[in-house]
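Visitor: This is the content of coords34.cif (mmCIF, C-alpha atoms and all ligand atoms):
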data_data
#
loop_
_atom_site.label_atom_id
_atom_site.label_comp_id
_atom_site.auth_asym_id
_atom_site.auth_seq_id
_atom_site.Cartn_x
_atom_site.Cartn_y
_atom_site.Cartn_z
CA MET A 1 -115.46 219.19 -167.78
CA SER A 2 -112.67 218.78 -165.21
CA GLY A 3 -109.00 219.07 -166.10
CA GLY A 4 -106.98 215.97 -166.79
CA ALA A 5 -104.73 216.61 -163.76
CA ASP A 6 -107.61 216.08 -161.29
CA ARG A 7 -107.31 212.89 -159.29
CA PRO A 8 -110.43 210.76 -158.98
CA ALA A 9 -112.13 210.78 -155.54
CA SER A 10 -111.02 207.18 -154.95
CA ALA A 11 -107.36 208.29 -155.04
CA ARG A 12 -107.74 210.78 -152.16
CA ALA A 13 -105.91 210.00 -148.93
CA PRO A 14 -108.11 208.44 -146.24
CA GLY A 15 -109.47 211.15 -143.94
CA ALA A 16 -109.14 213.83 -146.59
CA PRO A 17 -111.72 216.64 -146.50
CA GLY A 18 -115.05 215.54 -147.86
CA ILE A 19 -114.95 212.07 -146.32
CA ALA A 20 -117.32 211.95 -143.35
CA SER A 21 -115.86 210.42 -140.18
CA PRO A 22 -118.16 208.30 -137.98
CA ALA A 23 -119.50 209.77 -134.73
CA PRO A 24 -117.26 209.01 -131.73
CA ILE A 25 -118.53 206.17 -129.56
CA SER A 26 -121.04 207.59 -127.07
CA ALA A 27 -122.56 204.37 -125.80
CA LEU A 28 -122.13 200.62 -125.85
CA LEU A 29 -125.23 198.44 -125.88
CA LEU A 30 -124.36 195.03 -124.45
CA MET A 31 -127.02 192.65 -125.70
CA GLY A 32 -127.87 188.96 -125.68
CA VAL A 33 -130.06 186.39 -123.97
CA SER A 34 -130.56 186.13 -120.23
CA GLY A 35 -127.43 184.86 -118.52
CA CYS A 36 -125.01 185.76 -121.34
CA GLY A 37 -123.23 188.14 -118.98
CA LYS A 38 -124.60 191.60 -119.80
CA THR A 39 -124.55 192.76 -116.18
CA THR A 40 -121.28 191.07 -115.20
CA VAL A 41 -119.32 192.12 -118.28
CA GLY A 42 -121.06 195.51 -118.53
CA GLU A 43 -120.14 196.49 -114.98
CA ALA A 44 -116.51 195.43 -115.51
CA LEU A 45 -116.34 197.29 -118.82
CA ALA A 46 -117.85 200.48 -117.41
CA ARG A 47 -115.34 200.37 -114.53
CA GLU A 48 -112.49 199.86 -116.98
CA LEU A 49 -113.57 202.80 -119.17
CA GLY A 50 -114.72 205.08 -116.34
CA TRP A 51 -118.16 205.23 -117.98
CA ARG A 52 -121.59 205.11 -116.37
CA PHE A 53 -123.19 201.67 -116.22
CA VAL A 54 -126.93 201.29 -116.67
CA ASP A 55 -128.77 197.98 -116.37
CA ALA A 56 -131.98 198.12 -118.41
CA ASP A 57 -133.59 195.68 -115.96
CA ASP A 58 -133.56 198.47 -113.37
CA LEU A 59 -135.68 200.76 -115.55
CA HIS A 60 -138.65 198.47 -116.09
CA PRO A 61 -142.02 199.75 -114.92
CA PRO A 62 -143.27 197.79 -111.87
CA ALA A 63 -145.93 195.98 -113.95
CA ASN A 64 -143.21 194.48 -116.17
CA VAL A 65 -141.19 193.34 -113.16
CA GLU A 66 -144.25 191.64 -111.73
CA LYS A 67 -145.01 189.89 -115.02
CA MET A 68 -141.46 188.56 -115.37
CA ARG A 69 -141.42 187.44 -111.75
CA SER A 70 -144.44 185.28 -112.39
CA GLY A 71 -142.65 183.66 -115.34
CA ARG A 72 -144.64 185.31 -118.14
CA PRO A 73 -142.67 186.82 -121.05
CA LEU A 74 -143.19 190.49 -121.87
CA ASP A 75 -144.94 191.49 -125.08
CA ASP A 76 -144.07 194.49 -127.23
CA THR A 77 -146.78 196.63 -125.61
CA ASP A 78 -145.09 196.05 -122.25
CA ARG A 79 -141.70 196.88 -123.74
CA ALA A 80 -142.64 200.12 -125.54
CA PRO A 81 -142.45 202.57 -122.58
CA TRP A 82 -139.35 200.85 -121.27
CA LEU A 83 -137.50 201.10 -124.61
CA ALA A 84 -138.57 204.74 -124.95
CA ARG A 85 -137.15 205.48 -121.52
CA LEU A 86 -133.85 203.77 -122.34
CA ASN A 87 -133.62 205.61 -125.66
CA ALA A 88 -134.16 208.94 -123.90
CA LEU A 89 -131.40 208.08 -121.46
CA LEU A 90 -128.99 207.27 -124.32
CA ARG A 91 -129.87 210.43 -126.22
CA HIS A 92 -129.39 212.66 -123.20
CA SER A 93 -126.12 210.96 -122.27
CA ALA A 94 -124.78 211.42 -125.80
CA ALA A 95 -125.87 215.07 -125.84
CA ARG A 96 -124.11 215.71 -122.53
CA GLY A 97 -120.97 213.87 -123.62
CA GLU A 98 -121.35 211.34 -120.79
CA PRO A 99 -120.72 207.90 -122.31
CA VAL A 100 -122.63 204.95 -121.01
CA VAL A 101 -122.53 201.16 -121.03
CA LEU A 102 -126.10 199.87 -121.28
CA ALA A 103 -126.89 196.23 -120.50
CA CYS A 104 -130.10 195.29 -122.29
CA SER A 105 -131.13 192.01 -123.90
CA ALA A 106 -132.41 193.82 -127.06
CA LEU A 107 -133.01 190.46 -128.73
CA ARG A 108 -134.97 191.70 -131.73
CA ALA A 109 -133.72 194.07 -134.41
CA ARG A 110 -136.70 196.40 -133.89
CA TYR A 111 -135.83 196.84 -130.21
CA ARG A 112 -132.29 197.81 -131.17
CA THR A 113 -133.66 200.24 -133.75
CA GLN A 114 -135.81 201.86 -131.03
CA LEU A 115 -132.90 202.06 -128.62
CA ALA A 116 -130.57 203.59 -131.23
CA ASP A 117 -133.03 206.19 -132.54
CA ARG A 118 -131.26 209.58 -132.69
CA VAL A 119 -128.32 208.32 -130.61
CA PRO A 120 -125.11 209.21 -132.49
CA GLY A 121 -122.18 206.92 -131.78
CA LEU A 122 -124.02 203.92 -130.33
CA ARG A 123 -122.20 200.62 -130.82
CA VAL A 124 -123.87 197.26 -130.30
CA VAL A 125 -121.91 194.48 -128.58
CA PHE A 126 -123.37 190.99 -128.95
CA LEU A 127 -122.41 188.63 -126.12
CA ARG A 128 -122.59 185.32 -127.91
CA GLY A 129 -122.61 181.83 -126.41
CA SER A 130 -124.34 178.48 -126.68
CA GLN A 131 -127.60 177.65 -124.94
CA ALA A 132 -125.89 174.80 -123.07
CA LEU A 133 -123.20 177.08 -121.64
CA ILE A 134 -125.69 179.74 -120.57
CA GLU A 135 -128.07 177.16 -119.09
CA ALA A 136 -125.25 175.91 -116.88
CA ARG A 137 -124.48 179.46 -115.72
CA LEU A 138 -128.12 180.25 -115.00
CA ALA A 139 -128.46 177.06 -112.98
CA ASP A 140 -125.85 178.52 -110.61
CA ARG A 141 -127.47 181.92 -110.40
CA GLN A 142 -130.39 183.28 -108.43
CA HIS A 143 -131.94 186.13 -110.36
CA ARG A 144 -134.75 188.42 -109.41
CA TYR A 145 -136.45 188.50 -112.81
CA MET A 146 -135.46 185.65 -115.06
CA PRO A 147 -136.23 182.01 -114.28
CA ALA A 148 -134.01 179.66 -116.29
CA SER A 149 -137.15 178.16 -117.86
CA LEU A 150 -137.45 181.27 -120.05
CA LEU A 151 -134.06 180.73 -121.67
CA ALA A 152 -135.41 178.65 -124.57
CA SER A 153 -137.88 181.41 -125.47
CA GLN A 154 -135.01 183.91 -125.37
CA PHE A 155 -133.04 181.91 -127.94
CA ALA A 156 -136.18 181.59 -130.08
CA ALA A 157 -136.65 185.37 -130.01
CA LEU A 158 -133.00 186.22 -130.63
CA GLU A 159 -132.30 187.98 -133.93
CA PRO A 160 -128.49 188.09 -134.03
CA PRO A 161 -127.28 191.56 -135.00
CA GLU A 162 -125.46 191.99 -138.27
CA ASP A 163 -123.53 195.15 -137.51
CA ALA A 164 -122.29 194.47 -133.98
CA TRP A 165 -119.03 193.73 -132.25
CA VAL A 166 -119.25 190.06 -131.26
CA ALA A 167 -117.77 188.85 -127.98
CA ASP A 168 -117.35 185.14 -127.19
CA ILE A 169 -118.66 184.57 -123.66
CA GLY A 170 -116.44 181.52 -123.24
CA GLU A 171 -113.80 184.04 -122.19
CA PRO A 172 -113.74 185.28 -118.57
CA PRO A 173 -115.51 188.59 -117.83
CA ALA A 174 -112.28 190.48 -117.12
CA ALA A 175 -110.78 189.44 -120.46
CA LEU A 176 -113.96 190.41 -122.30
CA ALA A 177 -114.04 193.82 -120.60
CA ALA A 178 -110.36 194.45 -121.33
CA GLY A 179 -110.76 193.50 -124.99
CA LEU A 180 -113.82 195.66 -125.50
CA ALA A 181 -112.24 198.62 -123.68
CA ALA A 182 -109.18 198.35 -125.92
CA ARG A 183 -111.43 198.40 -128.95
CA VAL A 184 -113.22 201.51 -127.69
CA ARG A 185 -109.90 203.25 -126.95
CA ALA A 186 -108.68 202.41 -130.43
CA GLY A 187 -111.75 204.24 -131.68
CA ALA A 188 -112.79 201.26 -133.72
CA GLY A 189 -116.08 202.14 -135.35
N1 LIG A 201 -117.80 185.45 -119.29
C1 LIG A 201 -118.26 184.76 -118.21
N2 LIG A 201 -117.60 183.68 -117.76
C2 LIG A 201 -118.06 182.98 -116.70
N3 LIG A 201 -119.17 183.28 -116.00
C3 LIG A 201 -119.89 184.34 -116.41
C4 LIG A 201 -119.47 185.14 -117.54
N4 LIG A 201 -120.37 186.14 -117.70
C5 LIG A 201 -121.30 185.98 -116.75
N5 LIG A 201 -121.02 184.91 -115.97
C6 LIG A 201 -121.85 184.38 -114.87
O1 LIG A 201 -123.06 183.95 -115.50
C7 LIG A 201 -124.20 184.33 -114.74
C8 LIG A 201 -125.08 185.24 -115.59
O2 LIG A 201 -124.43 186.48 -115.80
P1 LIG A 201 -125.23 187.86 -115.77
O3 LIG A 201 -126.16 187.90 -114.61
O4 LIG A 201 -124.22 188.95 -115.89
O5 LIG A 201 -126.06 187.72 -117.13
P2 LIG A 201 -127.14 188.74 -117.75
O6 LIG A 201 -126.95 188.69 -119.23
O7 LIG A 201 -127.04 190.05 -117.07
O8 LIG A 201 -128.53 188.05 -117.42
P3 LIG A 201 -130.01 188.73 -117.29
O9 LIG A 201 -130.45 189.08 -118.67
O10 LIG A 201 -130.86 187.65 -116.73
O11 LIG A 201 -129.88 189.93 -116.41
C9 LIG A 201 -123.66 185.01 -113.48
O12 LIG A 201 -123.63 184.06 -112.43
C10 LIG A 201 -122.26 185.45 -113.86
O13 LIG A 201 -121.40 185.47 -112.75
MG MG A 202 -128.41 191.21 -116.02
#
Would you mind writing the file out in structure tokens?
Ligand SMILES: Nc1ncnc2c1ncn2[C@@H]1O[C@H](COP(=O)(O)OP(=O)(O)OP(=O)(O)O)[C@@H](O)[C@H]1O
Ligand SMILES: [Mg+2]
Guide:
Amino acid sequence: MSGGADRPASARAPGAPGIASPAPISALLLMGVSGCGKTTVGEALARELGWRFVDADDLHPPANVEKMRSGRPLDDTDRAPWLARLNALLRHSAARGEPVVLACSALRARYRTQLADRVPGLRVVFLRGSQALIEARLADRQHRYMPASLLASQFAALEPPEDAWVADIGEPPAALAAGLAARVRAGAG
């Protein structure tokens, strides 16, 4: 039986020994539907932080690129080797202490689980906006992989994350990047 002078654990000062601190942020996963601004905001954010920027679109196997070009959505069999490759990149970057901003749609929870597997310090950033706003942006954009006609299927597939930082894409890219960089610098877990 402990002595009456012992303080209960709940009375300890925050950060006292015995309270685990979260892993430092090693990577930011910028996710959301096509046209939400993953590449635009991700590049600006990586520049701001001095981190490496990786666009998941650039790591697709050629067969996936061809499929998307012809307007057919990928299935999970197509995605598996791609997600494994991205996960390996995140793990190696974290192990080397080289933080990275990864732009990847990661619409479904299971894709995010695959990406985050054994990656300490990964934070998810959800770039959130309405279908109407994104449709208007995509109408102005020529993109090598994503015809605007696939946007509706993206919204249908989207499983909004529950444990992410949420950024409102109504703000300009520079403001979004500055806000997210400030949050990283503050060490907000
Ligand atoms: N916050 C923003 N405000 C205004 N325009 C934006 C914003 N973010 C992105 N855009 C514009 O919207 C279009 C789509 O952005 P971007 O290509 O970065 O999206 P994406 O999420 O990378 O799309 P994809 O998944 O197809 O690669 C671009 O023309 C970009 O300039
Ligand atoms: Mg992009």
Visitor: Work out where the centre of an axis-aligned box around every listed atom of range 50-68 of chain A lies and how long its edges are once 6 Å is added on each side; give both in Å to one decimal as AutoDock Vina command-line options.
Guide:
--center_x -130.3 --center_y 196.9 --center_z -115.1 --size_x 43.2 --size_y 28.7 --size_z 18.7
Visitor: Taking only C-alpha atoms and all ligand atoms into account, list the residues no farther than 10 Å from ligand MG 202 (chain A), as a PyMOL selection string.
Guide: chain A and resi 31-43+55-58+103-105+143-146
Visitor: Hey, what's within 12 Å of Ala152 in chain A if we count all atoms listed in the file and toss same-chain stuff fewer than 2 positions away? As a list in words, please?
Guide: Val33, Ser34, Gly35, Pro73, Ser130, Gln131, Ala132, Ile134, Glu135, Met146, Pro147, Ala148, Ser149, Leu150, Gln154, Phe155, Ala156, Ala157 and Leu158 of chain A
Visitor: Please determine, counting all atoms listed in the file, which residue among A:Leu138, A:Ala88, A:Val124, A:Leu28 has the shortest atom-to-atom distance to ligand LIG 201 (chain A).
Guide: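 Closest to ligand LIG 201 (chain A) of all the choices is A:Leu138.
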Visitor: Can you list, as a ChimeraX atom specification, every protein, DNA or RNA residue that comes within 10 Å of range 114-123 of chain A when you count all atoms listed in the file, leaving out same-chain residues fewer than 5 positions away?
Guide: /A:22-30,80,82-95,99-101,104,106,109,163-165,184,188-189
Visitor: Export, as a JSON list (two decimals), in the coordinates of the input, the selected residues with C-alpha atoms.
Guide:
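Everything below was put into part_34.json:
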[["chain", "number", "residue", "atom", "x", "y", "z"],
["A", 22, "PRO", "CA", -118.16, 208.30, -137.98],
["A", 23, "ALA", "CA", -119.50, 209.77, -134.73],
["A", 24, "PRO", "CA", -117.26, 209.01, -131.73],
["A", 25, "ILE", "CA", -118.53, 206.17, -129.56],
["A", 26, "SER", "CA", -121.04, 207.59, -127.07],
["A", 27, "ALA", "CA", -122.56, 204.37, -125.80],
["A", 28, "LEU", "CA", -122.13, 200.62, -125.85],
["A", 29, "LEU", "CA", -125.23, 198.44, -125.88],
["A", 30, "LEU", "CA", -124.36, 195.03, -124.45],
["A", 80, "ALA", "CA", -142.64, 200.12, -125.54],
["A", 82, "TRP", "CA", -139.35, 200.85, -121.27],
["A", 83, "LEU", "CA", -137.50, 201.10, -124.61],
["A", 84, "ALA", "CA", -138.57, 204.74, -124.95],
["A", 85, "ARG", "CA", -137.15, 205.48, -121.52],
["A", 86, "LEU", "CA", -133.85, 203.77, -122.34],
["A", 87, "ASN", "CA", -133.62, 205.61, -125.66],
["A", 88, "ALA", "CA", -134.16, 208.94, -123.90],
["A", 89, "LEU", "CA", -131.40, 208.08, -121.46],
["A", 90, "LEU", "CA", -128.99, 207.27, -124.32],
["A", 91, "ARG", "CA", -129.87, 210.43, -126.22],
["A", 92, "HIS", "CA", -129.39, 212.66, -123.20],
["A", 93, "SER", "CA", -126.12, 210.96, -122.27],
["A", 94, "ALA", "CA", -124.78, 211.42, -125.80],
["A", 95, "ALA", "CA", -125.87, 215.07, -125.84],
["A", 99, "PRO", "CA", -120.72, 207.90, -122.31],
["A", 100, "VAL", "CA", -122.63, 204.95, -121.01],
["A", 101, "VAL", "CA", -122.53, 201.16, -121.03],
["A", 104, "CYS", "CA", -130.10, 195.29, -122.29],
["A", 106, "ALA", "CA", -132.41, 193.82, -127.06],
["A", 109, "ALA", "CA", -133.72, 194.07, -134.41],
["A", 163, "ASP", "CA", -123.53, 195.15, -137.51],
["A", 164, "ALA", "CA", -122.29, 194.47, -133.98],
["A", 165, "TRP", "CA", -119.03, 193.73, -132.25],
["A", 184, "VAL", "CA", -113.22, 201.51, -127.69],
["A", 188, "ALA", "CA", -112.79, 201.26, -133.72],
["A", 189, "GLY", "CA", -116.08, 202.14, -135.35]]
Visitor: To one decimal place in Å, what is the distance between CA of Arg141 in chain A and CA of Gly50 in chain A?
Guide: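 Separation between CA of Arg141 in chain A and CA of Gly50 in chain A: 27.1 Å.
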Visitor: When distances are computed from all atoms listed in the file, which of A:Ala186, A:Leu127, A:Val166, A:Leu180 shows the smallest separation from ligand LIG 201 (chain A)?
Guide: A:Leu127
Visitor: Select, from A:Val54, A:Gly187, A:Ala63, A:Thr113, the residue with the minimum atom-to-atom distance to ligand LIG 201 (chain A), counting only C-alpha atoms and all ligand atoms.
Guide: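 Using only C-alpha atoms and all ligand atoms, ligand LIG 201 (chain A) sits closest to A:Val54.
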Visitor: Determine, counting only C-alpha atoms, which protein, DNA and RNA residues have an atom within 9 Å of an atom of Asp168 in chain A; residues of the same chain fewer than 4 positions away are not included. Present the result as a list in words.
Guide: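 Once the nearby chain positions are removed, what remains is Phe126, Leu127, Arg128, Gly129 and Leu176 of chain A.
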Visitor: Compare A:Pro81, A:Glu98, A:Asp76, A:Met68 by their minimum atom-to-atom distance to Arg52 in chain A, counting only C-alpha atoms, and give me the closest one.
Guide: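 Of A:Pro81, A:Glu98, A:Asp76, A:Met68, the one nearest Arg52 in chain A is A:Glu98, counting only C-alpha atoms.
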Visitor: Using all atoms listed in the file, which of the listed residues (A:Asp78, A:Glu162, A:Glu66, A:Glu171) sits closest to ligand LIG 201 (chain A)?
Guide: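 For ligand LIG 201 (chain A), the nearest of the given residues is A:Glu171.
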